[in-house]
Every structure is written in C-alpha cells, then in structure tokens.
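Novice: File upload00.cif below, mmCIF, C-alpha atoms:
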data_coords
loop_
_atom_site.group_PDB
_atom_site.id
_atom_site.type_symbol
_atom_site.label_atom_id
_atom_site.label_comp_id
_atom_site.auth_asym_id
_atom_site.auth_seq_id
_atom_site.Cartn_x
_atom_site.Cartn_y
_atom_site.Cartn_z
ATOM 1 C CA MET U 1425 -26.814 -11.125 -31.529
ATOM 2 C CA ALA U 1426 -24.376 -11.279 -34.436
ATOM 3 C CA GLU U 1427 -25.356 -7.696 -35.304
ATOM 4 C CA ILE U 1428 -24.695 -6.588 -31.728
ATOM 5 C CA LEU U 1429 -21.275 -8.234 -31.850
ATOM 6 C CA THR U 1430 -20.411 -6.500 -35.118
ATOM 7 C CA SER U 1431 -21.508 -3.124 -33.748
ATOM 8 C CA LEU U 1432 -19.522 -3.601 -30.546
ATOM 9 C CA LEU U 1433 -16.373 -4.577 -32.434
ATOM 10 C CA GLN U 1434 -16.761 -1.470 -34.567
ATOM 11 C CA THR U 1435 -17.102 0.685 -31.451
ATOM 12 C CA ILE U 1436 -13.951 -0.872 -30.004
ATOM 13 C CA GLU U 1437 -12.028 -0.205 -33.198
ATOM 14 C CA ARG U 1438 -13.206 3.412 -33.385
ATOM 15 C CA ALA U 1439 -12.167 3.992 -29.779
ATOM 16 C CA ARG U 1440 -8.795 2.396 -30.451
ATOM 17 C CA ALA U 1441 -8.190 4.366 -33.648
ATOM 18 C CA HIS U 1442 -8.827 7.727 -31.927
ATOM 19 C CA ALA U 1443 -6.778 7.155 -28.767
ATOM 20 C CA PRO U 1444 -3.057 8.029 -28.774
ATOM 21 C CA LEU U 1445 -2.344 5.592 -25.917
ATOM 22 C CA ALA U 1446 -4.420 2.743 -27.339
ATOM 23 C CA ALA U 1447 -2.965 -0.711 -27.866
ATOM 24 C CA THR U 1448 -2.386 -1.886 -31.404
ATOM 25 C CA GLN U 1449 -5.004 -4.591 -30.821
ATOM 26 C CA VAL U 1450 -7.869 -4.907 -28.331
ATOM 27 C CA THR U 1451 -9.342 -8.326 -27.535
ATOM 28 C CA LEU U 1452 -13.039 -8.438 -26.741
ATOM 29 C CA VAL U 1453 -13.626 -10.993 -23.980
ATOM 30 C CA ALA U 1454 -17.330 -11.830 -24.085
ATOM 31 C CA VAL U 1455 -18.388 -12.465 -20.491
ATOM 32 C CA SER U 1456 -20.620 -15.513 -20.735
ATOM 33 C CA LYS U 1457 -21.153 -16.116 -17.029
ATOM 34 C CA GLY U 1458 -24.744 -17.174 -16.411
ATOM 35 C CA GLN U 1459 -25.497 -17.561 -20.112
ATOM 36 C CA PRO U 1460 -26.864 -20.854 -21.493
ATOM 37 C CA PRO U 1461 -24.821 -22.687 -24.136
ATOM 38 C CA GLU U 1462 -27.279 -21.868 -26.906
ATOM 39 C CA ARG U 1463 -26.780 -18.107 -26.425
ATOM 40 C CA ILE U 1464 -23.017 -18.525 -26.311
ATOM 41 C CA GLU U 1465 -23.133 -20.625 -29.449
ATOM 42 C CA THR U 1466 -24.775 -17.756 -31.311
ATOM 43 C CA LEU U 1467 -21.600 -15.720 -30.846
ATOM 44 C CA LEU U 1468 -19.392 -18.700 -31.620
ATOM 45 C CA ALA U 1469 -21.262 -19.271 -34.875
ATOM 46 C CA ALA U 1470 -20.706 -15.590 -35.691
ATOM 47 C CA GLY U 1471 -16.968 -16.168 -35.386
ATOM 48 C CA HIS U 1472 -16.174 -14.823 -31.920
ATOM 49 C CA ARG U 1473 -13.577 -16.847 -30.048
ATOM 50 C CA HIS U 1474 -12.711 -15.109 -26.723
ATOM 51 C CA PHE U 1475 -15.006 -15.707 -23.744
ATOM 52 C CA GLY U 1476 -14.771 -14.989 -20.024
ATOM 53 C CA GLU U 1477 -16.151 -17.017 -17.131
ATOM 54 C CA ASN U 1478 -16.112 -16.357 -13.392
ATOM 55 C CA ARG U 1479 -16.328 -19.851 -11.966
ATOM 56 C CA VAL U 1480 -14.511 -23.029 -12.872
ATOM 57 C CA GLN U 1481 -17.406 -25.392 -12.172
ATOM 58 C CA GLU U 1482 -19.907 -23.431 -14.243
ATOM 59 C CA ALA U 1483 -17.434 -23.183 -17.108
ATOM 60 C CA GLN U 1484 -16.839 -26.938 -17.056
ATOM 61 C CA SER U 1485 -20.555 -27.652 -17.276
ATOM 62 C CA LYS U 1486 -21.046 -25.806 -20.553
ATOM 63 C CA TRP U 1487 -17.697 -25.347 -22.273
ATOM 64 C CA LEU U 1488 -16.281 -28.863 -22.636
ATOM 65 C CA ALA U 1489 -18.642 -29.659 -25.522
ATOM 66 C CA LEU U 1490 -18.437 -26.177 -27.035
ATOM 67 C CA LEU U 1491 -14.644 -26.255 -27.151
ATOM 68 C CA GLU U 1492 -14.770 -29.468 -29.146
ATOM 69 C CA ARG U 1493 -17.176 -27.975 -31.661
ATOM 70 C CA TYR U 1494 -15.363 -24.646 -31.987
ATOM 71 C CA PRO U 1495 -11.601 -25.177 -32.068
ATOM 72 C CA GLY U 1496 -9.509 -22.085 -31.549
ATOM 73 C CA THR U 1497 -11.786 -20.742 -28.828
ATOM 74 C CA ARG U 1498 -9.957 -19.208 -25.863
ATOM 75 C CA LEU U 1499 -11.465 -19.152 -22.379
ATOM 76 C CA HIS U 1500 -10.473 -16.456 -19.884
ATOM 77 C CA LEU U 1501 -11.007 -16.949 -16.146
ATOM 78 C CA ILE U 1502 -11.902 -13.502 -14.828
ATOM 79 C CA GLY U 1503 -13.242 -14.410 -11.387
ATOM 80 C CA PRO U 1504 -11.413 -15.310 -8.161
ATOM 81 C CA LEU U 1505 -9.680 -18.675 -8.161
ATOM 82 C CA GLN U 1506 -9.344 -21.000 -5.186
ATOM 83 C CA ARG U 1507 -6.116 -22.973 -4.997
ATOM 84 C CA ASN U 1508 -7.943 -26.306 -4.849
ATOM 85 C CA LYS U 1509 -9.464 -25.568 -8.264
ATOM 86 C CA ALA U 1510 -6.195 -24.563 -9.918
ATOM 87 C CA LYS U 1511 -5.694 -27.882 -11.710
ATOM 88 C CA ALA U 1512 -9.225 -27.886 -13.116
ATOM 89 C CA ALA U 1513 -8.826 -24.263 -14.204
ATOM 90 C CA LEU U 1514 -5.590 -24.960 -16.006
ATOM 91 C CA ARG U 1515 -7.108 -27.886 -17.884
ATOM 92 C CA LEU U 1516 -9.930 -25.706 -19.207
ATOM 93 C CA PHE U 1517 -8.848 -22.068 -19.426
ATOM 94 C CA HIS U 1518 -6.337 -20.444 -21.749
ATOM 95 C CA ALA U 1519 -5.817 -17.304 -19.632
ATOM 96 C CA ILE U 1520 -6.231 -16.506 -15.938
ATOM 97 C CA HIS U 1521 -6.836 -12.836 -15.142
ATOM 98 C CA SER U 1522 -7.156 -13.104 -11.355
ATOM 99 C CA ILE U 1523 -3.825 -13.963 -9.715
ATOM 100 C CA ASP U 1524 -3.977 -11.982 -6.473
ATOM 101 C CA ARG U 1525 -1.682 -13.701 -3.984
ATOM 102 C CA ALA U 1526 1.645 -15.501 -3.807
ATOM 103 C CA SER U 1527 0.153 -18.825 -2.665
ATOM 104 C CA LEU U 1528 -2.064 -18.984 -5.747
ATOM 105 C CA ALA U 1529 0.868 -18.127 -7.996
ATOM 106 C CA GLU U 1530 2.888 -20.962 -6.456
ATOM 107 C CA THR U 1531 0.066 -23.471 -6.915
ATOM 108 C CA LEU U 1532 -0.458 -22.447 -10.527
ATOM 109 C CA ALA U 1533 3.252 -22.744 -11.262
ATOM 110 C CA GLU U 1534 3.359 -26.242 -9.757
ATOM 111 C CA GLU U 1535 0.276 -27.401 -11.671
ATOM 112 C CA MET U 1536 1.441 -25.888 -14.959
ATOM 113 C CA ALA U 1537 4.707 -27.781 -14.646
ATOM 114 C CA ARG U 1538 2.876 -30.993 -13.765
ATOM 115 C CA LEU U 1539 0.392 -30.667 -16.621
ATOM 116 C CA ASP U 1540 2.959 -29.210 -19.045
ATOM 117 C CA ARG U 1541 0.363 -26.599 -19.986
ATOM 118 C CA PRO U 1542 1.468 -22.964 -19.731
ATOM 119 C CA VAL U 1543 -1.508 -20.627 -19.387
ATOM 120 C CA GLU U 1544 -1.354 -16.866 -19.894
ATOM 121 C CA CYS U 1545 -1.505 -15.046 -16.554
ATOM 122 C CA PHE U 1546 -2.556 -11.603 -15.325
ATOM 123 C CA VAL U 1547 -2.022 -10.221 -11.823
ATOM 124 C CA GLN U 1548 -5.218 -8.661 -10.489
ATOM 125 C CA VAL U 1549 -4.650 -5.305 -8.779
ATOM 126 C CA ASN U 1550 -7.269 -3.913 -6.406
ATOM 127 C CA THR U 1551 -6.711 -0.314 -7.496
ATOM 128 C CA GLY U 1552 -9.412 1.003 -5.159
ATOM 129 C CA GLU U 1553 -8.158 -1.104 -2.223
ATOM 130 C CA GLU U 1554 -11.716 -2.235 -1.578
ATOM 131 C CA PRO U 1555 -11.859 -4.885 1.174
ATOM 132 C CA GLN U 1556 -14.726 -6.788 -0.477
ATOM 133 C CA LYS U 1557 -12.867 -7.225 -3.772
ATOM 134 C CA ALA U 1558 -10.138 -9.581 -4.847
ATOM 135 C CA GLY U 1559 -6.808 -8.267 -6.024
ATOM 136 C CA VAL U 1560 -3.463 -7.304 -4.598
ATOM 137 C CA ALA U 1561 -3.103 -3.772 -3.223
ATOM 138 C CA PRO U 1562 -1.105 -1.468 -5.522
ATOM 139 C CA ARG U 1563 1.670 -1.073 -2.932
ATOM 140 C CA GLU U 1564 2.066 -4.877 -2.832
ATOM 141 C CA ALA U 1565 1.875 -5.453 -6.574
ATOM 142 C CA ASP U 1566 5.647 -5.188 -7.109
ATOM 143 C CA ALA U 1567 6.317 -8.130 -4.816
ATOM 144 C CA LEU U 1568 3.637 -10.337 -6.379
ATOM 145 C CA ILE U 1569 4.796 -9.568 -9.909
ATOM 146 C CA ALA U 1570 8.356 -10.409 -8.903
ATOM 147 C CA GLN U 1571 7.177 -13.666 -7.347
ATOM 148 C CA CYS U 1572 5.295 -14.629 -10.520
ATOM 149 C CA ARG U 1573 8.463 -14.062 -12.510
ATOM 150 C CA ARG U 1574 10.589 -16.088 -10.104
ATOM 151 C CA LEU U 1575 8.111 -18.917 -10.589
ATOM 152 C CA ASN U 1576 8.404 -18.563 -14.389
ATOM 153 C CA LEU U 1577 4.689 -18.027 -14.797
ATOM 154 C CA PRO U 1578 3.779 -16.805 -18.309
ATOM 155 C CA LEU U 1579 2.891 -13.335 -17.047
ATOM 156 C CA ALA U 1580 1.126 -11.291 -19.717
ATOM 157 C CA GLY U 1581 -0.004 -8.262 -17.755
ATOM 158 C CA LEU U 1582 -2.284 -6.795 -15.096
ATOM 159 C CA MET U 1583 -6.039 -6.700 -14.497
ATOM 160 C CA CYS U 1584 -8.246 -4.370 -12.481
ATOM 161 C CA VAL U 1585 -11.877 -3.698 -11.613
ATOM 162 C CA PRO U 1586 -12.342 -0.049 -10.573
ATOM 163 C CA PRO U 1587 -14.755 0.810 -7.770
ATOM 164 C CA ALA U 1588 -18.342 1.280 -8.867
ATOM 165 C CA ASP U 1589 -19.798 4.759 -9.246
ATOM 166 C CA VAL U 1590 -16.474 6.581 -9.455
ATOM 167 C CA PRO U 1591 -14.603 7.803 -12.534
ATOM 168 C CA PRO U 1592 -12.605 4.794 -13.762
ATOM 169 C CA ALA U 1593 -9.912 6.758 -15.604
ATOM 170 C CA PRO U 1594 -7.561 7.222 -12.598
ATOM 171 C CA HIS U 1595 -7.695 3.479 -11.931
ATOM 172 C CA PHE U 1596 -6.917 2.624 -15.536
ATOM 173 C CA ALA U 1597 -4.058 5.132 -15.476
ATOM 174 C CA LEU U 1598 -2.661 3.553 -12.301
ATOM 175 C CA LEU U 1599 -2.797 0.065 -13.801
ATOM 176 C CA ARG U 1600 -1.053 1.290 -16.938
ATOM 177 C CA GLN U 1601 1.707 2.893 -14.871
ATOM 178 C CA LEU U 1602 2.237 -0.293 -12.872
ATOM 179 C CA ALA U 1603 2.385 -2.383 -16.036
ATOM 180 C CA GLN U 1604 4.871 -0.050 -17.697
ATOM 181 C CA ALA U 1605 7.085 -0.062 -14.605
ATOM 182 C CA HIS U 1606 7.375 -3.834 -14.926
ATOM 183 C CA GLY U 1607 7.619 -4.078 -18.693
ATOM 184 C CA LEU U 1608 4.204 -5.713 -19.032
ATOM 185 C CA SER U 1609 2.118 -5.045 -22.128
ATOM 186 C CA GLY U 1610 -1.182 -6.720 -21.187
ATOM 187 C CA LEU U 1611 -3.911 -4.603 -19.597
ATOM 188 C CA SER U 1612 -7.181 -6.393 -18.819
ATOM 189 C CA MET U 1613 -9.502 -3.529 -17.917
ATOM 190 C CA GLY U 1614 -12.821 -2.091 -18.980
ATOM 191 C CA MET U 1615 -16.352 -3.490 -18.847
ATOM 192 C CA SER U 1616 -19.624 -2.678 -20.597
ATOM 193 C CA ALA U 1617 -19.980 0.778 -19.043
ATOM 194 C CA ASP U 1618 -16.391 1.949 -19.362
ATOM 195 C CA PHE U 1619 -14.529 -0.078 -21.996
ATOM 196 C CA GLU U 1620 -14.064 2.929 -24.278
ATOM 197 C CA THR U 1621 -12.333 4.785 -21.455
ATOM 198 C CA ALA U 1622 -10.184 1.731 -20.774
ATOM 199 C CA ILE U 1623 -9.161 1.605 -24.433
ATOM 200 C CA ARG U 1624 -8.007 5.221 -24.222
ATOM 201 C CA PHE U 1625 -5.617 4.141 -21.461
ATOM 202 C CA GLY U 1626 -4.219 1.182 -23.393
ATOM 203 C CA ALA U 1627 -6.478 -1.759 -22.567
ATOM 204 C CA THR U 1628 -5.512 -4.888 -24.472
ATOM 205 C CA HIS U 1629 -8.486 -6.902 -23.175
ATOM 206 C CA VAL U 1630 -11.965 -5.560 -22.413
ATOM 207 C CA ARG U 1631 -14.443 -7.770 -20.548
ATOM 208 C CA VAL U 1632 -17.986 -7.149 -21.796
ATOM 209 C CA GLY U 1633 -21.176 -8.951 -20.791
ATOM 210 C CA THR U 1634 -24.253 -6.717 -20.744
ATOM 211 C CA ALA U 1635 -23.525 -4.977 -24.044
ATOM 212 C CA LEU U 1636 -23.542 -8.393 -25.731
ATOM 213 C CA PHE U 1637 -26.027 -10.522 -23.814
ATOM 214 C CA GLY U 1638 -28.297 -7.892 -22.319
ATOM 215 C CA LYS U 1639 -28.180 -9.368 -18.827
ATOM 216 C CA ARG U 1640 -27.412 -7.147 -15.880
ATOM 217 C CA GLU U 1641 -23.734 -7.440 -14.888
ATOM 218 C CA GLU U 1642 -22.494 -8.312 -11.456
ATOM 219 C CA THR U 1643 -20.115 -5.766 -10.029
ATOM 220 C CA GLY U 1644 -16.541 -6.376 -11.033
ATOM 221 C CA GLN U 1645 -16.987 -9.080 -13.583
ATOM 222 C CA ALA U 1646 -18.339 -7.812 -16.900
#
Would you mind writing the file's structure down as structure tokens?
Specialist:
Amino acid sequence: MAEILTSLLQTIERARAHAPLAATQVTLVAVSKGQPPERIETLLAAGHRHFGENRVQEAQSKWLALLERYPGTRLHLIGPLQRNKAKAALRLFHAIHSIDRASLAETLAEEMARLDRPVECFVQVNTGEEPQKAGVAPREADALIAQCRRLNLPLAGLMCVPPADVPPAPHFALLRQLAQAHGLSGLSMGMSADFETAIRFGATHVRVGTALFGKREETGQA
C-alpha cells in the first residue's frame, strides 16, 4: 500500500504542476471509512497523516488509539454531521468539511467556544441541487457563509460532491467561483475518479478512498 500511496502522490503533483489554476499545495485526504485499523496503520507507517471519515461513532472506535500512536495526524469529517454529535466531532476531528445549515454552524460555534478548540471548517455546497444529498444550495451559500463568519467559525473554504455520471468540471468551476467571491482559498473537491480534474480547478483537498484502499466507494464520500 505504501507504493500505491507514493504513486498517487506523484499523480497529484503532476496534475498540480501542469494546471494553471492549481493550488500551490494539494492535501490528499485518505478516506478510511469502513477500513480496519490495521489497513489504516499501513498508510500511517508510510508517513501519511490526513484521513477522512464519514461518521463520528465509527471514527471514535478506531482512531482514538491511532492518534496516540501517530501524533500529527489530522482527521477530516467528510460526512453529514448531526447537531447532537457536534461535541464528539470537535473532540476528535481537526477539520469538518460538511457544514450545510445555519443551525449546525451555530452549534459548532457554541461547542468550539465551550471546548476552546477551534476546528477548520468548510461549507458544503450541493452544486447539483440533488435532494438526496447534503449541502446548501448554491443560491443560499452566500447567507450560510456570512452566518459562519458572524459566528467567528474558522472558515477555510467550500466543499462539494458533484452528481454521479455527469462531467464534474462545471461543478468544480462553480465551487471555485463561489469561494473566490467570498475570499476563501480552501476547495475540498475531487474523489478517486475525478481528483485530477478537481486539481485543475484549484482543489486544495482531494478525498480519495478507492485508489488507495481498493474498496468500492459510496457515492459522495470518497
């Protein structure tokens, strides 16, 4: 698996180096949802330190011990977050990519202040306006971004999951435009099948599961 990681990082760097709009640095978030600790530890031992999980409870069950053994590891929550799990998420994760409503933003702001633990935040935009997917509609993104700033959340950027089986480029372009309009530099976009396209549009974080672990991805998460 270390060889796969090295090859993937090289692919990311080649894509970045040949794209005029590419970010100066692209973070590979290894999507470890559904993976046992021993497989995750293979990547940790190889030096990788950014991992993505979809669910708070699953992440708690396997990451508490791993974080102790591998200091400097950063966990990214890339799945939907319920308000009643906000405190647990903030205790464990270092970045939350799925803020999609004002009530969640308010809860996170309250818990961050209570815990004195600022956590990097991304607003999730449902660029395809798909009813089955999380994320704020593009036309409502301005208001949610403004609310996050009023709450003094550490807002790093935006995240999206394009609809399946359509060209992702227009969705990445839309997310980039929204981020630029609000002075946000972070763009969490791109999965195993389309991360090179996402890099061409300025992705700063790509969320990759299958290309690393070989397990079939679930739509919208890796």
Novice: Residues near Gln1481 in chain U, anyone? I mean within 10 Å using all atoms listed in the file, not counting same-chain ones fewer than 5 positions away, as a PyMOL selection string.
Specialist: chain U and resi 1486+1509+1512-1513
Novice: Quick one: residues within 8 Å of Val1543 in chain U, only C-alpha atoms counted, chain neighbours fewer than 5 positions away excluded, as a list in words?
Specialist: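 Result of the neighbour search: Leu1514, Phe1517, His1518, Ala1519, Ile1520, Met1536 and Pro1578 of chain U.
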Novice: Which of these, U:Pro1495, U:Gly1607, U:Gly1559, U:Gly1552, has the shortest distance to Pro1594 in chain U once you count all atoms listed in the file?
Specialist: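 Comparing U:Pro1495, U:Gly1607, U:Gly1559, U:Gly1552 against Pro1594 in chain U, the winner is U:Gly1552.
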Novice: Could you give me, as a tab-separated table, every range 1594-1645 of chain U residue with an atom at most 9 Å from range 1425-1429 of chain U, plus its closest atom pair and distance in Å to one decimal, counting only C-alpha atoms, rows ordered by chain then number?
Specialist:
residue	atom	partner	partner_atom	distance
U:Ala1635	CA	U:Ile1428	CA	7.9
U:Leu1636	CA	U:Ile1428	CA	6.4
U:Phe1637	CA	U:Met1425	CA	7.8
Novice: With distances taken over only C-alpha atoms, which residue among U:Ala1441, U:Leu1505, U:Ile1523, U:Met1613 lies nearest Ala1593 in chain U?
Specialist: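 Ranked by minimum distance to Ala1593 in chain U, first place goes to U:Met1613.
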Novice: Would you pick out the contacts of Leu1611 in chain U at 8 Å or less, using only C-alpha atoms, so that residues sharing its chain but fewer than 3 positions from it are not included, and give the list as number ranges by chain?
Specialist: U: 1581-1583, 1599-1600, 1603, 1626-1629
Novice: Name the residues that the PyMOL selection byres ((chain U and resi 1535) around 12) pulls out of this structure, and write them as a list in words.
Specialist: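 Residues picked by the PyMOL selection byres ((chain U and resi 1535) around 12): Arg1507, Asn1508, Lys1509, Ala1510, Lys1511, Ala1512, Ala1513, Leu1514, Arg1515, Leu1528, Ala1529, Glu1530, Thr1531, Leu1532, Ala1533, Glu1534, Met1536, Ala1537, Arg1538, Leu1539, Asp1540, Arg1541, Pro1542, Val1543, Leu1575 and Leu1577 of chain U.
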Novice: Rounded to one decimal place, report the CA of Glu1553 in chain U-CA of Leu1579 in chain U distance in Å.
Specialist: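 A separation of 22.2 Å between them.
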Novice: With all atoms listed in the file as the atoms that count, which of U:Ala1483, U:Val1585, U:Ala1561, U:Ala1526 lies nearest to Gln1459 in chain U?
Specialist: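 Selected residue with least distance to Gln1459 in chain U: U:Ala1483.
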